[in-house]
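Here's the structure, in structure tokens; my notes come after.
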Amino acid sequence: MNLGDLLRRWRALTDKDELEQQLDDELRFHLEQDIQQNIRNGMSPYEARLAALKAFGGVDQSKEECRDARGVSFVDNILKDFSYSLRVLLKSRGFALVVVLTLGLGIGANTAIFSFANGILLRPLPYPQSERLAELQETALKRGIDFMSVSYPNFLDWRQQNSVFEDIALHFGTNRFALSGFGEPVEIRGSRISQGLFEVLRVQPILGRTFTADEDRPDQDGVVILGYDLWQRSFGADPNIVGRNIMISSRSRTVVGVMPRGFRFPEVSELWIPLALTPQMFTRTDHGLTAIARLKDGVSFNQAQAEMNNIAARIEQENPVTNEGLGVKVTSLHENLSGDYREALLILLGVVGCVLLVACVNVANLLVARATARQKEFALRAALGAGRWRIIRQLLIESLILATAGGFLGLAVSVWALRLLLTAIPIQLPFWMNFGVDLRVLGFTVAITLITAFLFGAVPALQSSRVDLNDTLKEGGRGTSGIRSRSRNLLVVTEIALSLILLVGAGLMIQSFLRLRRVNIGLNPKNVLTATLILPRAKYREDDQQAAFFKQLLERVSALPGVQAAGVTATLPLSGGGWGRSLTVEGFPVLSVGQAPIIQHTVVSPNYFHTMGIRLLSGRDFTYADAKGSQPVTIIDERLAREYWLNSNPVGKRIRFGPPEDNEPWHTIIGVVNSVRHQTMQGDTRKSVYLPYFQIPVNGVSLVARSDSEPRELIGGIRREVAQLDPNQPVSEILTMEEVVAESIWQPRLYATLFAVFAGGTLILALIGIYGVMAFLVLTRTHEIGVRMALGATARDVFKLIVGRGMKLTAIGVLLGVGGAAALTRLMHSLLFNTSATDPVTFILISLLLSLAAFLACYIPARRASKVDPLVALRYQ
Amino acid sequence: MSKQADLFKQGTLELLILRLLSSGSLNGWDIMQRIQIVSGEVLSVTPGALYPALHGLEARGFISAVWRPSENNRKAKFYGLTTRGRKQLETQRKEWERFSDAVALVLRDA
């Protein structure tokens with residue numbers, strides 16, 4: 001295309017009026033020449049004109065073809081179609097509003113859920129070449145353990161022997177550290193990490209350096225690295241911070257570096273101290289570390305796994321006692337982090353996609369109905385020279401405008417919905433989750449908007465364009481073709497089926513959640529306040545000091561007004577805490593480490609059971625006399641008691657913990673309490689034992705206190721008592737026990753809520769759909785109904801006719817939906833608790849409920865039909 | 001009429017228009033008349049085919065138009081060949097001759 005062409009095309013667009021005028025003049029000249037010739041040939045002026053017009057053919061069609069031939073008309077026409085569509089839509093504002101709202105909510109919900117999936121599953125971890133990062137875990141497949149944390153000596157062997165990783169590094173999870181010396185003592189989340197962790201992640205400090213290998217040894221580890229936020233917050237972004245000494249949990253440490261902004265690892269840590277372990281401190285049977293590695297260039301995960309298998313086998317050979325049956329598992333770090341959420345997110349994406357699909361079906365339904373009413377308009381346009389493609393295009397442009405408006409509304413809705421969803425997540429989001437709107441989210445929104453426009457626009461557009469000029473213009477707008485009503489029926493059936501699937505899914509999720517909430521935790525969370533206190537080891541070095549602190553604190557808190565009872569525990573129920581140890585029972589065979597049963601094990605103070613509402617079934621509670629130096633005692637739970645002493649009283653029997661060859665002291669059982677859910681509501685209750693806190697003190701505990709009334713009122717008093725004992729001691733995570741319970745099931749709660757909202761929305765859309773189709777049916781068949789009534793049909797017959805039609809569609813939809821649900825709910829098996837994915841009661845109840853709702857949606861139009869006055873109906877049109 | 005329009009493929013009509021305009025500029029009505037007269041009433045073209053063809057040729061730059069008075073002193077749109085149009089006429093004419101020679105050969109010898 002040369003410059004002249006461009007100019008001409010540009011002129012054609014800009015000087016449209018002039019060109020139109022010229023086209024007009026040119027064709028008029030032609031007609032007049034013809035007329036004059038006809039007159040010269042002896043016709044009357046009237047005849048001459050008629051003959052000329054007849055010879056010319058369709059003037060408007062010729063004009064349209066001339067415009068087409070000019071080539072610019074494509075752009076021109078699209079612009080025209082746009083403005084025409086806008087005018088049409090503005091004229092039917094109510095219709096446009098309903099469509100845009102429906103689509104906006106549908107697209108918004110999809111974008112919000114997609115943002116979640118994007119932030120968790122798709123966005124790479126915020127490190128260079130993060131796809132090369134792996135997590136290494138140990139396995140004990142023979143004992144049914146898929147993965148467990150790593151022991152230090154095993155890590156040392158891996159690091160030394162492997163050739164597939166650039167390096168392997170360790171961290172010890174997230175812990176709490178007290179930062180003091182700057183006003184109020186504050187608690188910081190931080191981690192103990194091995195030398196090399198930042199290098200594996202490829203993150204460099206913005207100030208100073210990372211840890212050296214020398215600093216990763218006990219007694220040389222008096223150093224600390226700060227996170228950016230912490231540095232800003234607590235040290236006023238002091239540029240000379242490196243080299244300064246600060247007090248971390250009552251120990252002085254030298255700051256050696258500051259990490260860049262936004263960097264937190266693992267999860268939410270923002271302070272790092274050296275791991276400083278030795279194989280003597282942390283043996284092969286102590287598991288508790290997390291290993292992160294970076295694959296060498298060109299090495300695949302499979303190759304790495306193969307080599308680690310060999311290394312694990314070698315270690316097992318060399319250490320048959322401790323490493324019997326232990327393996328190594330290499331997984332992608334990102335997959336490992338996001339694994340917990342993957343399934344739920346994918347299911348939610350499917351669910352929310354269904355919602356949008358139903359929204360599309362509804363809009364398509366509306367468009368078909370509207371197209372029927374607009375048949376005359378299309379016929380007129382066809383008569384004026386618009387080709388079939390032109391009409392389809394114009395309708396698709398209308399759909400596109402509606403969808404685009406819906407898309408913009410959807411983006412706004414998603415931002416709002418995302419904020420709402422985030423408030424439903426009670427945990428601090430880990431560093432790597434980021435739910436912002438990025439290009440991928442925008443691309444997704446644009447894509448679903450276009451797909452949506454096509455989905456709901458294509459069928460009506462294709463149908464409307466198939467107009468028979470003569471019939472339509474003559475018929476005066478009445479009459480629905482069989483094809484059209486068939487496709488509307490199809491739409492209704494689809495809607496019913498999809499909403500049934502979603503409703504069944506929601507029903508199962510809600511049922512599962514309710515069952516989860518009714519789970520017997522084994523304690524009474526009402527009116528109990530919990531708080532975490534971690535005494536810095538540097539200050540409370542001896543067990544006795546720790547015990548003395550908590551003894552005084554418990555005396556003071558118990559004396560507070562409103563406090564019924566108070567106690568401490570090393571692990572709060574449902575917080576996933578507690579640690580497992582192997583168990584040996586006196587009088588039963590001694591098993592090796594690899595075979596001995598693992599029990600849950602924690603330490604609690606006297607009165608802990610009473611405070612938490614855990615029942616003492618037999619024997620006695622711990623007392624302050626069960627202290628260091630006294631006879632080692634233990635309280636076991638019901639499940640353990642039943643396993644070993646089903647028909648006898650366990651009180652007085654003896655058990656011991658740890659590897660049998662360690663010869664730890666025997667503990668005498670003094671009591672039995674009911675079982676408690678220590679890990680999660682969903683999981684099984686592990687058999688557990690309790691040891692007396694004052695016999696085996698630990699520095700970090702949860703304080704629990706039962707109040708007469710609202711437990712939050714105790715907060716001030718507890719803080720005061722702690723401050724009086726030690727003004728530098730922080731108190732953190734102050735929650736009521738009911739909050740702890742609620743937080744432990746936030747995921748099932750969120751999923752159930754989302755399911756219910758989406759299914760409810762779909763149900764409403766489906767009912768509007770059925771109602772619309774039935775009402776339209778009555779409207780277009782008023783004449784026929786009149787004839788029927790004139791011929792003797794009763795109001796009841798007519799009512800039955802309409803309702804029967806609606807219920808037939810409903811029945812087909814329900815049948816298809818039940819089939820679909822049976823196939824699809826299986827996918828959500830892992831999200832369900834104590835609920836079968838094909839629970840017949842849910843299926844039947846939901847089907848009945850949906851049918852009833854559909855009946856109501858048909859009822860109103862059917863009533864209207866039965867009240868038709870035959871005289872009026874026959875005169876109608 | 002419709003049969004003839006079918007025979008009268010777009011390219012052929014364009015070739016005829018270009019040939020007619022090569023001897024001087026003409027308006028649409030003139031072109032229609034001449035096609036009919038020159039072809040001995042065998043070929044006829046409708047306005048519905050002619051004008052889109054003219055506008056297409058103009059859009060592609062083979063012909064250009066001016067408005068000037070016709071014989072009976074009415075303002076009419078007169079089309080004339082451009083340089084590109086002349087080249088186009090040559091190419092199309094050669095193609096047509098090759099085509100019709102080929103058809104003639106087949107008809108004679110087959």
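All residue names refer to the structure tokens as shown: chains lettered A, B, ... in order, residues numbered from 1 in each chain, ligands numbered from 1 in order.
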Write down as number ranges by chain the residues of chain B whose backbone DSSP state falls under strand (DSSP E or B).
-> B: 26-27, 63-69, 75-81
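Any residue of chain B with an atom no more than 10 Å from chain A counts as a contact; using only C-alpha atoms, that gives Asn27, Gly28, Trp29, Asp30, Met32, Thr46, Pro47, Gly48, Ala49, Leu50, Tyr51, Pro52, Ala53, Leu54, His55, Gly56, Leu57, Glu58, Ala59, Arg60, Gly61, Trp67, Ser70, Asn72, Arg74, Lys75, Ala76, Lys77 and Phe78 of chain B.
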Pull C-alpha atoms from the residues just selected and write them as a PDB file, in the first residue's frame.
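The resulting selection_0.pdb:
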ATOM      1  CA  ASN B  27     -18.697   8.500 -16.940  1.00  0.00           C
ATOM      2  CA  GLY B  28     -20.408   5.416 -15.567  1.00  0.00           C
ATOM      3  CA  TRP B  29     -23.460   5.635 -17.800  1.00  0.00           C
ATOM      4  CA  ASP B  30     -21.291   6.017 -20.918  1.00  0.00           C
ATOM      5  CA  MET B  32     -22.443   0.905 -19.565  1.00  0.00           C
ATOM      6  CA  THR B  46     -25.914  -3.705 -14.436  1.00  0.00           C
ATOM      7  CA  PRO B  47     -25.244  -0.588 -12.360  1.00  0.00           C
ATOM      8  CA  GLY B  48     -25.068  -2.868  -9.347  1.00  0.00           C
ATOM      9  CA  ALA B  49     -21.973  -4.509 -10.819  1.00  0.00           C
ATOM     10  CA  LEU B  50     -20.469  -1.563 -12.641  1.00  0.00           C
ATOM     11  CA  TYR B  51     -20.271   1.031  -9.898  1.00  0.00           C
ATOM     12  CA  PRO B  52     -18.683  -1.206  -7.257  1.00  0.00           C
ATOM     13  CA  ALA B  53     -16.122  -2.224  -9.924  1.00  0.00           C
ATOM     14  CA  LEU B  54     -15.378   1.439 -10.698  1.00  0.00           C
ATOM     15  CA  HIS B  55     -14.998   2.303  -7.021  1.00  0.00           C
ATOM     16  CA  GLY B  56     -12.757  -0.683  -6.520  1.00  0.00           C
ATOM     17  CA  LEU B  57     -10.495   0.312  -9.428  1.00  0.00           C
ATOM     18  CA  GLU B  58     -10.378   3.856  -8.098  1.00  0.00           C
ATOM     19  CA  ALA B  59      -9.500   2.644  -4.616  1.00  0.00           C
ATOM     20  CA  ARG B  60      -6.623   0.622  -6.030  1.00  0.00           C
ATOM     21  CA  GLY B  61      -5.371   3.628  -7.972  1.00  0.00           C
ATOM     22  CA  TRP B  67     -16.293  15.902 -11.786  1.00  0.00           C
ATOM     23  CA  SER B  70     -21.396  16.002 -19.380  1.00  0.00           C
ATOM     24  CA  ASN B  72     -26.031  17.585 -21.744  1.00  0.00           C
ATOM     25  CA  ARG B  74     -25.021  18.022 -16.107  1.00  0.00           C
ATOM     26  CA  LYS B  75     -22.286  17.461 -13.559  1.00  0.00           C
ATOM     27  CA  ALA B  76     -21.000  13.887 -13.887  1.00  0.00           C
ATOM     28  CA  LYS B  77     -18.157  11.835 -12.544  1.00  0.00           C
ATOM     29  CA  PHE B  78     -15.654  11.064 -15.322  1.00  0.00           C
TER      30      PHE B  78
END
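Minimum atom-to-atom distances from A:Ser499, A:Asn524, A:Asn674, A:Thr835 to A:Gly760 were compared using only C-alpha atoms, and the lowest value belongs to A:Ser499.
Taking atom CA of A:Phe265 and atom CA of A:Ala112 as the two end points, the separation is 26.3 Å.
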Residues near stretch 17-19 of chain B, cut-off 12 Å, only C-alpha atoms, skip fewer than 2 positions along chain, as a short mmCIF file (atom, residue, chain, number, x, y, z; two decimals) with C-alpha atoms, in the first residue's frame:
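Full text of selection-v8.cif as output:
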data_model
loop_
_atom_site.label_atom_id
_atom_site.label_comp_id
_atom_site.auth_asym_id
_atom_site.auth_seq_id
_atom_site.Cartn_x
_atom_site.Cartn_y
_atom_site.Cartn_z
CA GLN B 10 -15.07 -9.32 -11.81
CA GLY B 11 -11.71 -9.48 -13.64
CA THR B 12 -13.31 -9.45 -17.07
CA LEU B 13 -15.45 -6.44 -16.25
CA GLU B 14 -12.42 -4.61 -14.94
CA LEU B 15 -10.47 -5.41 -18.10
CA LEU B 21 -11.04 4.20 -20.56
CA SER B 22 -7.73 3.83 -22.43
CA SER B 23 -9.16 5.89 -25.28
CA GLY B 24 -10.43 8.73 -23.11
CA SER B 25 -12.31 9.46 -19.90
CA LEU B 26 -15.93 8.42 -19.56
CA ASN B 27 -18.70 8.50 -16.94
CA GLY B 28 -20.41 5.42 -15.57
CA TRP B 29 -23.46 5.64 -17.80
CA ASP B 30 -21.29 6.02 -20.92
CA ILE B 31 -19.29 2.96 -19.93
CA MET B 32 -22.44 0.91 -19.57
CA GLN B 33 -23.77 2.00 -22.93
CA ARG B 34 -20.48 1.35 -24.70
CA ILE B 35 -20.05 -2.14 -23.31
CA VAL B 38 -19.33 -2.38 -28.65
CA VAL B 45 -23.68 -4.88 -17.29
CA ALA B 49 -21.97 -4.51 -10.82
CA LEU B 50 -20.47 -1.56 -12.64
CA TYR B 51 -20.27 1.03 -9.90
CA ALA B 53 -16.12 -2.22 -9.92
CA LEU B 54 -15.38 1.44 -10.70
CA HIS B 55 -15.00 2.30 -7.02
CA GLY B 56 -12.76 -0.68 -6.52
CA LEU B 57 -10.49 0.31 -9.43
CA GLU B 58 -10.38 3.86 -8.10
CA GLY B 61 -5.37 3.63 -7.97
CA PHE B 62 -5.86 2.25 -11.52
CA ILE B 63 -8.33 4.93 -12.46
CA SER B 64 -8.96 8.44 -11.17
CA TYR B 79 -13.13 8.28 -14.87
CA GLY B 80 -9.73 8.21 -16.61
CA LEU B 81 -6.78 5.79 -16.64
CA THR B 82 -3.80 6.48 -14.42
CA THR B 83 -0.25 5.38 -15.28
CA ARG B 84 -0.68 2.39 -13.04
CA GLY B 85 -3.98 1.67 -14.77
CA ARG B 86 -2.26 1.60 -18.14
CA LYS B 87 0.27 -0.95 -16.89
CA GLN B 88 -2.52 -2.95 -15.34
CA LEU B 89 -4.42 -2.93 -18.64
CA GLU B 90 -1.33 -4.30 -20.44
CA THR B 91 -0.84 -7.11 -17.93
CA GLN B 92 -4.49 -8.04 -17.86
CA ARG B 93 -4.82 -7.90 -21.63
#
DSSP on the backbone, then: every residue of chain B marked alpha helix (DSSP H), written as a PyMOL selection string.
-> chain B and resi 2-7+10-21+28-38+47-59+83-109
Any idea what the distance is between atom CA of A:Arg132 and atom CA of A:Arg261?
-> 22.5 Å
